[in-house]
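Colleague: After the structure tokens below, expect a handful of questions from me.
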Amino acid sequence: MVTKKNGCTPISVEVAILTPDDKHEIHFGLTKGCNADDTVFWIVDFLLKEDKGGQMKTRVEIHVHVGKDKANDAATLADTKKLSDENVDLLNGPAAKRAKKLPPGSPNDAKLNNLVLAAVSGN
């Protein structure tokens, strides 16, 4: 990893791989990045994969920027690498259902983005 002059170290953490059934996988993670001026930003990564012919293929992949209001929650989640039971249920339930409704390859959806961001807080 590259450490910037003021100590900002970019990281990527896979927080959870949730398998609600044998036909789908949910991958959830966080990425911490550093701008040129050493300001920190966070991105939540969410992938829904489906079984296609015995192989898991990405159906929906989104990357949501975390606002400053949830930056501390993102840092805590990255440190603990553990989602609360409620947030696991949120990803397995409403977020997965929303993602399944989207056309394959959908890069962005406001409702899904909000559900994914909600899983960052409340750990």
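Ligands are numbered from 1 in the order shown, chains are lettered A, B, ... in the order of the structure tokens, and residues start at 1 in each chain.
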Which neighbours of Ala95 of chain A fall inside 10 Å, counting only C-alpha atoms, when residues of the same chain fewer than 4 positions from it are skipped, and could you give them as a CSV table (one decimal) with all heavy atoms, in the first residue's frame?
Modeller:
```csv
chain,number,residue,atom,x,y,z
A,26,ILE,N,-24.1,-12.2,-2.8
A,26,ILE,CA,-24.0,-10.8,-2.6
A,26,ILE,C,-22.6,-10.5,-2.1
A,26,ILE,O,-22.1,-11.1,-1.1
A,26,ILE,CB,-25.0,-10.2,-1.6
A,26,ILE,CG1,-26.4,-10.4,-2.2
A,26,ILE,CG2,-24.7,-8.8,-1.3
A,26,ILE,CD1,-27.5,-10.1,-1.2
A,46,PHE,N,-21.0,-3.0,-4.0
A,46,PHE,CA,-22.1,-4.0,-3.9
A,46,PHE,C,-22.2,-4.7,-5.3
A,46,PHE,O,-22.3,-4.1,-6.3
A,46,PHE,CB,-23.4,-3.3,-3.6
A,46,PHE,CG,-24.6,-4.2,-3.6
A,46,PHE,CD1,-25.0,-4.8,-2.4
A,46,PHE,CD2,-25.3,-4.5,-4.7
A,46,PHE,CE1,-26.1,-5.6,-2.4
A,46,PHE,CE2,-26.4,-5.3,-4.7
A,46,PHE,CZ,-26.8,-5.9,-3.5
A,48,LEU,N,-24.2,-8.1,-7.1
A,48,LEU,CA,-25.1,-9.3,-7.0
A,48,LEU,C,-24.7,-10.2,-8.2
A,48,LEU,O,-24.6,-9.8,-9.3
A,48,LEU,CB,-26.6,-8.8,-7.2
A,48,LEU,CG,-27.6,-9.9,-7.4
A,48,LEU,CD1,-27.7,-10.7,-6.0
A,48,LEU,CD2,-28.9,-9.4,-7.9
A,88,VAL,N,-27.1,-7.1,7.6
A,88,VAL,CA,-27.0,-8.3,6.8
A,88,VAL,C,-28.4,-8.6,6.2
A,88,VAL,O,-28.6,-8.9,5.0
A,88,VAL,CB,-26.5,-9.5,7.6
A,88,VAL,CG1,-26.7,-10.8,6.8
A,88,VAL,CG2,-25.1,-9.3,8.0
A,89,ASP,N,-29.4,-8.5,7.1
A,89,ASP,CA,-30.8,-8.7,6.6
A,89,ASP,C,-31.2,-7.7,5.6
A,89,ASP,O,-31.9,-8.0,4.6
A,89,ASP,CB,-31.8,-8.6,7.8
A,89,ASP,CG,-31.7,-9.8,8.7
A,89,ASP,OD1,-31.1,-10.8,8.3
A,89,ASP,OD2,-32.2,-9.7,9.9
A,90,LEU,N,-30.8,-6.4,5.7
A,90,LEU,CA,-31.0,-5.4,4.7
A,90,LEU,C,-30.4,-5.7,3.4
A,90,LEU,O,-31.1,-5.6,2.3
A,90,LEU,CB,-30.5,-4.0,5.2
A,90,LEU,CG,-30.6,-2.9,4.3
A,90,LEU,CD1,-32.0,-2.4,4.0
A,90,LEU,CD2,-29.8,-1.7,4.8
A,91,LEU,N,-29.2,-6.2,3.4
A,91,LEU,CA,-28.6,-6.6,2.1
A,91,LEU,C,-29.2,-7.8,1.5
A,91,LEU,O,-29.4,-7.9,0.3
A,91,LEU,CB,-27.1,-6.8,2.3
A,91,LEU,CG,-26.3,-5.5,2.7
A,91,LEU,CD1,-24.9,-5.9,3.0
A,91,LEU,CD2,-26.3,-4.5,1.5
A,99,ALA,N,-32.0,-5.3,-6.4
A,99,ALA,CA,-30.9,-5.6,-7.4
A,99,ALA,C,-31.4,-6.6,-8.5
A,99,ALA,O,-31.1,-6.5,-9.7
A,99,ALA,CB,-29.7,-6.1,-6.8
A,100,LYS,N,-32.2,-7.6,-8.0
A,100,LYS,CA,-32.8,-8.6,-8.9
A,100,LYS,C,-33.8,-8.0,-9.9
A,100,LYS,O,-33.9,-8.6,-11.0
A,100,LYS,CB,-33.4,-9.7,-8.1
A,100,LYS,CG,-32.4,-10.6,-7.4
A,100,LYS,CD,-33.1,-11.6,-6.5
A,100,LYS,CE,-32.2,-12.3,-5.6
A,100,LYS,NZ,-32.8,-13.2,-4.6
A,111,LYS,N,-32.5,4.0,-5.6
A,111,LYS,CA,-33.1,3.2,-4.5
A,111,LYS,C,-32.1,2.2,-4.0
A,111,LYS,O,-31.9,2.1,-2.8
A,111,LYS,CB,-34.4,2.5,-5.0
A,111,LYS,CG,-35.1,1.9,-3.8
A,111,LYS,CD,-36.5,1.4,-4.3
A,111,LYS,CE,-37.3,0.8,-3.2
A,111,LYS,NZ,-38.6,0.4,-3.6
A,112,LEU,N,-31.4,1.5,-4.9
A,112,LEU,CA,-30.4,0.5,-4.4
A,112,LEU,C,-29.3,1.2,-3.8
A,112,LEU,O,-28.8,0.7,-2.7
A,112,LEU,CB,-30.0,-0.4,-5.6
A,112,LEU,CG,-28.9,-1.4,-5.3
A,112,LEU,CD1,-29.4,-2.4,-4.2
A,112,LEU,CD2,-28.5,-2.2,-6.6
A,113,ASN,N,-28.8,2.3,-4.3
A,113,ASN,CA,-27.7,3.1,-3.7
A,113,ASN,C,-28.1,3.4,-2.2
A,113,ASN,O,-27.2,3.3,-1.3
A,113,ASN,CB,-27.5,4.4,-4.5
A,113,ASN,CG,-26.8,4.1,-5.8
A,113,ASN,OD1,-26.6,3.0,-6.2
A,113,ASN,ND2,-26.6,5.2,-6.5
A,114,ASN,N,-29.3,3.9,-2.0
A,114,ASN,CA,-29.7,4.3,-0.6
A,114,ASN,C,-29.7,3.0,0.3
A,114,ASN,O,-29.4,3.1,1.5
A,114,ASN,CB,-31.1,5.0,-0.7
A,114,ASN,CG,-31.0,6.3,-1.3
A,114,ASN,OD1,-29.9,7.0,-1.2
A,114,ASN,ND2,-32.1,6.8,-1.8
A,115,LEU,N,-30.2,1.9,-0.2
A,115,LEU,CA,-30.2,0.7,0.6
A,115,LEU,C,-28.8,0.2,1.0
A,115,LEU,O,-28.5,-0.1,2.1
A,115,LEU,CB,-31.0,-0.4,-0.1
A,115,LEU,CG,-32.5,-0.2,-0.3
A,115,LEU,CD1,-33.0,-1.2,-1.3
A,115,LEU,CD2,-33.2,-0.4,1.1
A,116,VAL,N,-27.9,0.3,0.0
A,116,VAL,CA,-26.5,-0.1,0.2
A,116,VAL,C,-25.9,0.9,1.2
A,116,VAL,O,-25.2,0.4,2.1
A,116,VAL,CB,-25.8,-0.2,-1.1
A,116,VAL,CG1,-24.3,-0.3,-0.9
A,116,VAL,CG2,-26.3,-1.3,-1.9
A,118,ALA,N,-27.3,2.5,3.5
A,118,ALA,CA,-27.9,2.3,4.9
A,118,ALA,C,-27.2,1.2,5.6
A,118,ALA,O,-27.2,1.2,6.8
A,118,ALA,CB,-29.4,2.0,4.7
A,119,ALA,N,-26.6,0.2,4.9
A,119,ALA,CA,-25.9,-0.9,5.5
A,119,ALA,C,-24.6,-0.5,6.1
A,119,ALA,O,-24.0,-1.2,6.8
A,119,ALA,CB,-25.7,-2.0,4.5
```
Colleague: With distances taken over only C-alpha atoms, which residue among A:Val60, A:Ala71, A:Leu102, A:Leu30 lies nearest Val44 of chain A?
Modeller: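 Comparing A:Val60, A:Ala71, A:Leu102, A:Leu30 against Val44 of chain A, the winner is A:Leu30.
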Colleague: Set the distance at 8 Å and use only C-alpha atoms: which residues neighbour segment 74-86 of chain A once local chain neighbours fewer than 5 positions away are removed? I'd like the list as a list in words.
Modeller: Val13, Glu14, Val15, Ala16, Leu30, Trp42, Val66, Ala119, Val120, Ser121, Gly122 and Asn123 of chain A
Colleague: Write the residues of the preceding selection, restricted to N, CA and C atoms, as a short mmCIF file (atom, residue, chain, number, x, y, z; two decimals), in the first residue's frame.
Modeller:
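Ended up saving to out_11.cif:
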```cif
data_model
loop_
_atom_site.label_atom_id
_atom_site.label_comp_id
_atom_site.auth_asym_id
_atom_site.auth_seq_id
_atom_site.Cartn_x
_atom_site.Cartn_y
_atom_site.Cartn_z
N VAL A 13 -11.62 -3.26 1.62
CA VAL A 13 -12.00 -4.30 2.57
C VAL A 13 -13.25 -4.99 2.09
N GLU A 14 -13.20 -6.31 2.02
CA GLU A 14 -14.41 -7.07 1.73
C GLU A 14 -15.05 -7.34 3.08
N VAL A 15 -16.20 -6.73 3.29
CA VAL A 15 -16.84 -6.80 4.60
C VAL A 15 -17.63 -8.09 4.75
N ALA A 16 -18.31 -8.50 3.71
CA ALA A 16 -19.13 -9.70 3.82
C ALA A 16 -19.38 -10.30 2.45
N LEU A 30 -15.87 -2.17 1.19
CA LEU A 30 -15.58 -0.75 1.29
C LEU A 30 -14.22 -0.46 0.68
N TRP A 42 -14.70 7.54 0.85
CA TRP A 42 -15.10 6.14 0.97
C TRP A 42 -16.08 5.79 -0.15
N VAL A 66 -19.68 7.42 -0.24
CA VAL A 66 -20.21 7.67 1.10
C VAL A 66 -20.04 9.16 1.40
N ALA A 119 -26.62 0.23 4.87
CA ALA A 119 -25.92 -0.88 5.50
C ALA A 119 -24.57 -0.48 6.09
N VAL A 120 -24.11 0.73 5.79
CA VAL A 120 -22.84 1.19 6.33
C VAL A 120 -22.97 1.59 7.79
N SER A 121 -24.11 2.14 8.16
CA SER A 121 -24.27 2.62 9.54
C SER A 121 -25.02 1.59 10.38
N GLY A 122 -24.99 1.81 11.67
CA GLY A 122 -25.73 0.95 12.58
C GLY A 122 -25.06 -0.34 12.95
N ASN A 123 -23.74 -0.39 12.91
CA ASN A 123 -23.02 -1.61 13.27
C ASN A 123 -22.92 -1.76 14.76
#
```
Colleague: Choose the residue, out of A:Thr58, A:Thr31, A:Ser12, A:Thr19, that has the smallest atom-to-atom separation from Ser106 of chain A; count only C-alpha atoms.
Modeller: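 Selected residue with least distance to Ser106 of chain A: A:Thr58.
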Colleague: In Å, with one decimal, what is the gap from atom CA of Lys23 of chain A to atom CA of Leu47 of chain A?
Modeller: 13.8 Å
Colleague: Looking at A:Lys101, A:Ala110, A:Gln55, A:Asp69, which one is nearest to Asp22 of chain A, with distances taken over only C-alpha atoms?
Modeller: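 Answer, going by the shortest atom-to-atom distance: A:Gln55.
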Colleague: So how far away is atom CA of Ile43 of chain A from atom CA of Pro20 of chain A, in Å?
Modeller: 23.5 Å
Colleague: Just to confirm, what's the straight-line distance from atom CA of Asn35 of chain A to atom CA of Cys8 of chain A in Å (one decimal)?
Modeller: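 Atom CA of Cys8 of chain A lies at a distance of 9.1 Å from atom CA of Asn35 of chain A.
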Colleague: Among chain A, which residues carry a DSSP assignment of strand (DSSP E), reported as a ChimeraX atom specification?
Modeller: /A:11-21,24-34,40-52,55-66
Colleague: Atoms to include: N, CA and C atoms. Write the selected residues as a compact mmCIF listing (two decimals), in the first residue's frame.
Modeller:
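Final file, result-v1.txt:
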```txt
# COMPACT_ATOMS: atom_id res chain seq x y z
N ILE A 11 -7.25 1.75 1.24
CA ILE A 11 -7.50 0.34 1.55
C ILE A 11 -8.75 -0.12 0.82
N SER A 12 -8.89 -1.41 0.71
CA SER A 12 -10.11 -2.02 0.21
C SER A 12 -10.40 -3.21 1.10
N VAL A 13 -11.62 -3.26 1.62
CA VAL A 13 -12.00 -4.30 2.57
C VAL A 13 -13.25 -4.99 2.09
N GLU A 14 -13.20 -6.31 2.02
CA GLU A 14 -14.41 -7.07 1.73
C GLU A 14 -15.05 -7.34 3.08
N VAL A 15 -16.20 -6.73 3.29
CA VAL A 15 -16.84 -6.80 4.60
C VAL A 15 -17.63 -8.09 4.75
N ALA A 16 -18.31 -8.50 3.71
CA ALA A 16 -19.13 -9.70 3.82
C ALA A 16 -19.38 -10.30 2.45
N ILE A 17 -19.43 -11.61 2.41
CA ILE A 17 -19.94 -12.31 1.24
C ILE A 17 -21.13 -13.10 1.75
N LEU A 18 -22.28 -12.69 1.30
CA LEU A 18 -23.51 -13.27 1.78
C LEU A 18 -24.11 -14.16 0.70
N THR A 19 -24.48 -15.35 1.06
CA THR A 19 -25.05 -16.27 0.09
C THR A 19 -26.47 -16.64 0.52
N PRO A 20 -27.46 -15.89 0.05
CA PRO A 20 -28.84 -16.15 0.46
C PRO A 20 -29.41 -17.46 -0.10
N ASP A 21 -28.91 -17.93 -1.22
CA ASP A 21 -29.34 -19.21 -1.80
C ASP A 21 -28.21 -19.73 -2.68
N HIS A 24 -27.55 -17.21 -6.01
CA HIS A 24 -27.11 -15.81 -5.93
C HIS A 24 -26.01 -15.66 -4.89
N GLU A 25 -25.18 -14.65 -5.09
CA GLU A 25 -24.20 -14.23 -4.10
C GLU A 25 -24.25 -12.72 -4.01
N ILE A 26 -24.08 -12.20 -2.80
CA ILE A 26 -23.96 -10.76 -2.61
C ILE A 26 -22.55 -10.50 -2.09
N HIS A 27 -21.84 -9.63 -2.76
CA HIS A 27 -20.51 -9.21 -2.31
C HIS A 27 -20.62 -7.76 -1.88
N PHE A 28 -20.12 -7.45 -0.69
CA PHE A 28 -20.23 -6.12 -0.11
C PHE A 28 -18.87 -5.74 0.44
N GLY A 29 -18.42 -4.55 0.14
CA GLY A 29 -17.12 -4.12 0.64
C GLY A 29 -16.99 -2.61 0.66
N LEU A 30 -15.87 -2.17 1.19
CA LEU A 30 -15.58 -0.75 1.29
C LEU A 30 -14.22 -0.46 0.68
N THR A 31 -14.12 0.69 0.07
CA THR A 31 -12.84 1.17 -0.44
C THR A 31 -12.60 2.55 0.14
N LYS A 32 -11.42 2.73 0.70
CA LYS A 32 -11.00 4.04 1.20
C LYS A 32 -9.97 4.57 0.23
N GLY A 33 -10.20 5.78 -0.24
CA GLY A 33 -9.27 6.41 -1.16
C GLY A 33 -8.77 7.73 -0.61
N CYS A 34 -7.71 8.23 -1.22
CA CYS A 34 -7.10 9.49 -0.78
C CYS A 34 -6.95 10.40 -2.00
N VAL A 40 -9.76 12.14 2.63
CA VAL A 40 -10.20 10.74 2.54
C VAL A 40 -11.60 10.69 1.93
N PHE A 41 -11.84 9.67 1.10
CA PHE A 41 -13.19 9.40 0.62
C PHE A 41 -13.45 7.91 0.72
N TRP A 42 -14.70 7.54 0.85
CA TRP A 42 -15.10 6.14 0.97
C TRP A 42 -16.08 5.79 -0.15
N ILE A 43 -15.98 4.56 -0.64
CA ILE A 43 -16.91 4.03 -1.64
C ILE A 43 -17.38 2.66 -1.16
N VAL A 44 -18.69 2.44 -1.22
CA VAL A 44 -19.26 1.14 -0.89
C VAL A 44 -19.40 0.36 -2.19
N ASP A 45 -18.95 -0.88 -2.17
CA ASP A 45 -19.03 -1.76 -3.34
C ASP A 45 -20.09 -2.82 -3.10
N PHE A 46 -21.00 -3.00 -4.05
CA PHE A 46 -22.07 -3.99 -3.94
C PHE A 46 -22.18 -4.72 -5.26
N LEU A 47 -22.10 -6.05 -5.19
CA LEU A 47 -22.25 -6.87 -6.39
C LEU A 47 -23.30 -7.94 -6.13
N LEU A 48 -24.17 -8.13 -7.07
CA LEU A 48 -25.10 -9.25 -7.04
C LEU A 48 -24.68 -10.18 -8.17
N LYS A 49 -24.40 -11.42 -7.82
CA LYS A 49 -24.02 -12.42 -8.82
C LYS A 49 -25.10 -13.49 -8.89
N GLU A 50 -25.27 -14.04 -10.09
CA GLU A 50 -26.23 -15.11 -10.33
C GLU A 50 -25.53 -16.31 -10.92
N ASP A 51 -26.07 -17.49 -10.61
CA ASP A 51 -25.55 -18.72 -11.19
C ASP A 51 -26.04 -18.83 -12.63
N LYS A 52 -25.10 -18.86 -13.54
CA LYS A 52 -25.41 -19.05 -14.96
C LYS A 52 -24.60 -20.24 -15.45
N GLN A 55 -21.75 -21.28 -13.08
CA GLN A 55 -20.72 -20.27 -12.80
C GLN A 55 -21.39 -18.98 -12.36
N MET A 56 -20.85 -18.35 -11.29
CA MET A 56 -21.41 -17.10 -10.79
C MET A 56 -20.98 -15.95 -11.70
N LYS A 57 -21.97 -15.26 -12.25
CA LYS A 57 -21.74 -14.13 -13.14
C LYS A 57 -22.33 -12.87 -12.50
N THR A 58 -21.61 -11.76 -12.64
CA THR A 58 -22.08 -10.50 -12.09
C THR A 58 -23.31 -10.03 -12.85
N ARG A 59 -24.38 -9.77 -12.10
CA ARG A 59 -25.63 -9.24 -12.68
C ARG A 59 -25.68 -7.74 -12.49
N VAL A 60 -25.42 -7.27 -11.27
CA VAL A 60 -25.45 -5.85 -10.95
C VAL A 60 -24.23 -5.52 -10.11
N GLU A 61 -23.54 -4.44 -10.47
CA GLU A 61 -22.38 -3.99 -9.71
C GLU A 61 -22.48 -2.47 -9.57
N ILE A 62 -22.55 -2.01 -8.30
CA ILE A 62 -22.61 -0.58 -8.08
C ILE A 62 -21.52 -0.17 -7.08
N HIS A 63 -21.11 1.07 -7.20
CA HIS A 63 -20.11 1.66 -6.31
C HIS A 63 -20.68 3.00 -5.89
N VAL A 64 -20.95 3.14 -4.59
CA VAL A 64 -21.64 4.32 -4.07
C VAL A 64 -20.68 5.12 -3.19
N HIS A 65 -20.55 6.41 -3.48
CA HIS A 65 -19.73 7.29 -2.65
C HIS A 65 -20.44 7.54 -1.33
N VAL A 66 -19.68 7.42 -0.24
CA VAL A 66 -20.21 7.67 1.10
C VAL A 66 -20.04 9.16 1.40
```
Colleague: Write down as a CSV table (one decimal) with N, CA, C and O atoms, in the first residue's frame the residues of chain A whose backbone DSSP state falls under helix (DSSP H, G or I).
Modeller:
```
chain,number,residue,atom,x,y,z
A,68,LYS,N,-19.9,12.7,3.7
A,68,LYS,CA,-19.1,13.0,4.9
A,68,LYS,C,-19.9,12.6,6.2
A,68,LYS,O,-19.3,12.3,7.2
A,69,ASP,N,-21.2,12.7,6.1
A,69,ASP,CA,-22.0,12.3,7.3
A,69,ASP,C,-21.9,10.9,7.7
A,69,ASP,O,-22.2,10.5,8.9
A,70,LYS,N,-21.5,10.0,6.8
A,70,LYS,CA,-21.3,8.6,7.2
A,70,LYS,C,-19.9,8.1,7.1
A,70,LYS,O,-19.6,6.9,7.2
A,71,ALA,N,-18.9,9.0,7.0
A,71,ALA,CA,-17.5,8.6,6.8
A,71,ALA,C,-17.0,7.9,8.1
A,71,ALA,O,-16.3,6.9,8.0
A,72,ASN,N,-17.4,8.4,9.3
A,72,ASN,CA,-17.0,7.7,10.5
A,72,ASN,C,-17.6,6.3,10.6
A,72,ASN,O,-16.9,5.3,11.0
A,73,ASP,N,-18.9,6.1,10.1
A,73,ASP,CA,-19.5,4.8,10.1
A,73,ASP,C,-18.7,3.9,9.1
A,73,ASP,O,-18.5,2.7,9.4
A,74,ALA,N,-18.3,4.4,8.0
A,74,ALA,CA,-17.5,3.6,7.0
A,74,ALA,C,-16.2,3.2,7.6
A,74,ALA,O,-15.8,2.0,7.5
A,75,ALA,N,-15.5,4.1,8.3
A,75,ALA,CA,-14.2,3.8,8.9
A,75,ALA,C,-14.4,2.7,10.0
A,75,ALA,O,-13.6,1.8,10.1
A,76,THR,N,-15.4,2.8,10.8
A,76,THR,CA,-15.7,1.8,11.8
A,76,THR,C,-16.0,0.4,11.2
A,76,THR,O,-15.4,-0.6,11.6
A,77,LEU,N,-16.8,0.4,10.2
A,77,LEU,CA,-17.1,-0.8,9.5
A,77,LEU,C,-15.8,-1.4,8.9
A,77,LEU,O,-15.6,-2.7,8.9
A,78,ALA,N,-15.0,-0.6,8.3
A,78,ALA,CA,-13.7,-1.1,7.7
A,78,ALA,C,-12.8,-1.7,8.8
A,78,ALA,O,-12.2,-2.7,8.6
A,79,ASP,N,-12.8,-1.1,10.0
A,79,ASP,CA,-12.0,-1.6,11.1
A,79,ASP,C,-12.5,-2.9,11.6
A,79,ASP,O,-11.8,-3.9,11.9
A,80,THR,N,-13.9,-3.0,11.8
A,80,THR,CA,-14.4,-4.2,12.4
A,80,THR,C,-14.7,-5.3,11.4
A,80,THR,O,-14.7,-6.5,11.8
A,85,ASP,N,-26.5,-7.7,12.3
A,85,ASP,CA,-27.5,-8.7,11.8
A,85,ASP,C,-28.5,-7.9,11.0
A,85,ASP,O,-29.0,-8.4,10.0
A,86,GLU,N,-28.9,-6.7,11.5
A,86,GLU,CA,-29.9,-6.0,10.8
A,86,GLU,C,-29.4,-5.6,9.4
A,86,GLU,O,-30.2,-5.6,8.4
A,87,ASN,N,-28.1,-5.2,9.3
A,87,ASN,CA,-27.6,-4.8,8.0
A,87,ASN,C,-27.4,-6.0,7.1
A,87,ASN,O,-27.5,-5.8,5.8
A,88,VAL,N,-27.1,-7.1,7.6
A,88,VAL,CA,-27.0,-8.3,6.8
A,88,VAL,C,-28.4,-8.6,6.2
A,88,VAL,O,-28.6,-8.9,5.0
A,89,ASP,N,-29.4,-8.5,7.1
A,89,ASP,CA,-30.8,-8.7,6.6
A,89,ASP,C,-31.2,-7.7,5.6
A,89,ASP,O,-31.9,-8.0,4.6
A,90,LEU,N,-30.8,-6.4,5.7
A,90,LEU,CA,-31.0,-5.4,4.7
A,90,LEU,C,-30.4,-5.7,3.4
A,90,LEU,O,-31.1,-5.6,2.3
A,91,LEU,N,-29.2,-6.2,3.4
A,91,LEU,CA,-28.6,-6.6,2.1
A,91,LEU,C,-29.2,-7.8,1.5
A,91,LEU,O,-29.4,-7.9,0.3
A,92,ASN,N,-29.5,-8.8,2.3
A,92,ASN,CA,-30.1,-10.1,1.8
A,92,ASN,C,-31.6,-9.9,1.4
A,92,ASN,O,-32.0,-10.6,0.5
A,93,GLY,N,-32.3,-8.9,2.0
A,93,GLY,CA,-33.7,-8.7,1.8
A,93,GLY,C,-33.9,-7.6,0.7
A,93,GLY,O,-33.8,-7.8,-0.5
A,94,PRO,N,-34.2,-6.4,1.2
A,94,PRO,CA,-34.6,-5.3,0.3
A,94,PRO,C,-33.5,-5.0,-0.8
A,94,PRO,O,-33.9,-4.7,-1.9
A,95,ALA,N,-32.2,-4.9,-0.4
A,95,ALA,CA,-31.2,-4.6,-1.4
A,95,ALA,C,-31.1,-5.7,-2.5
A,95,ALA,O,-31.0,-5.4,-3.7
A,96,ALA,N,-31.1,-6.9,-2.1
A,96,ALA,CA,-31.0,-8.0,-3.1
A,96,ALA,C,-32.3,-8.1,-3.9
A,96,ALA,O,-32.2,-8.2,-5.2
A,97,LYS,N,-33.4,-7.9,-3.3
A,97,LYS,CA,-34.7,-7.8,-4.1
A,97,LYS,C,-34.6,-6.7,-5.2
A,97,LYS,O,-35.0,-6.9,-6.3
A,98,ARG,N,-34.2,-5.5,-4.7
A,98,ARG,CA,-34.1,-4.4,-5.7
A,98,ARG,C,-33.1,-4.7,-6.8
A,98,ARG,O,-33.4,-4.4,-8.0
A,99,ALA,N,-32.0,-5.3,-6.4
A,99,ALA,CA,-30.9,-5.6,-7.4
A,99,ALA,C,-31.4,-6.6,-8.5
A,99,ALA,O,-31.1,-6.5,-9.7
A,100,LYS,N,-32.2,-7.6,-8.0
A,100,LYS,CA,-32.8,-8.6,-8.9
A,100,LYS,C,-33.8,-8.0,-9.9
A,100,LYS,O,-33.9,-8.6,-11.0
A,101,LYS,N,-34.4,-6.9,-9.5
A,101,LYS,CA,-35.4,-6.3,-10.4
A,101,LYS,C,-34.7,-5.4,-11.5
A,101,LYS,O,-35.3,-5.1,-12.5
A,110,ALA,N,-30.9,4.8,-7.8
A,110,ALA,CA,-30.9,5.6,-6.6
A,110,ALA,C,-31.5,4.8,-5.4
A,110,ALA,O,-31.0,4.9,-4.3
A,111,LYS,N,-32.5,4.0,-5.6
A,111,LYS,CA,-33.1,3.2,-4.5
A,111,LYS,C,-32.1,2.2,-4.0
A,111,LYS,O,-31.9,2.1,-2.8
A,112,LEU,N,-31.4,1.5,-4.9
A,112,LEU,CA,-30.4,0.5,-4.4
A,112,LEU,C,-29.3,1.2,-3.8
A,112,LEU,O,-28.8,0.7,-2.7
A,113,ASN,N,-28.8,2.3,-4.3
A,113,ASN,CA,-27.7,3.1,-3.7
A,113,ASN,C,-28.1,3.4,-2.2
A,113,ASN,O,-27.2,3.3,-1.3
A,114,ASN,N,-29.3,3.9,-2.0
A,114,ASN,CA,-29.7,4.3,-0.6
A,114,ASN,C,-29.7,3.0,0.3
A,114,ASN,O,-29.4,3.1,1.5
A,115,LEU,N,-30.2,1.9,-0.2
A,115,LEU,CA,-30.2,0.7,0.6
A,115,LEU,C,-28.8,0.2,1.0
A,115,LEU,O,-28.5,-0.1,2.1
A,116,VAL,N,-27.9,0.3,0.0
A,116,VAL,CA,-26.5,-0.1,0.2
A,116,VAL,C,-25.9,0.9,1.2
A,116,VAL,O,-25.2,0.4,2.1
A,117,LEU,N,-26.1,2.2,1.1
A,117,LEU,CA,-25.5,3.1,2.0
A,117,LEU,C,-26.1,2.9,3.4
A,117,LEU,O,-25.3,3.1,4.4
A,118,ALA,N,-27.3,2.5,3.5
A,118,ALA,CA,-27.9,2.3,4.9
A,118,ALA,C,-27.2,1.2,5.6
A,118,ALA,O,-27.2,1.2,6.8
```
Colleague: Nearest residue to Thr39 of chain A out of A:Gly53, A:Pro104, A:Asp109, A:Thr9, using only C-alpha atoms?
Modeller: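 The answer is A:Thr9, which sits nearest to Thr39 of chain A.
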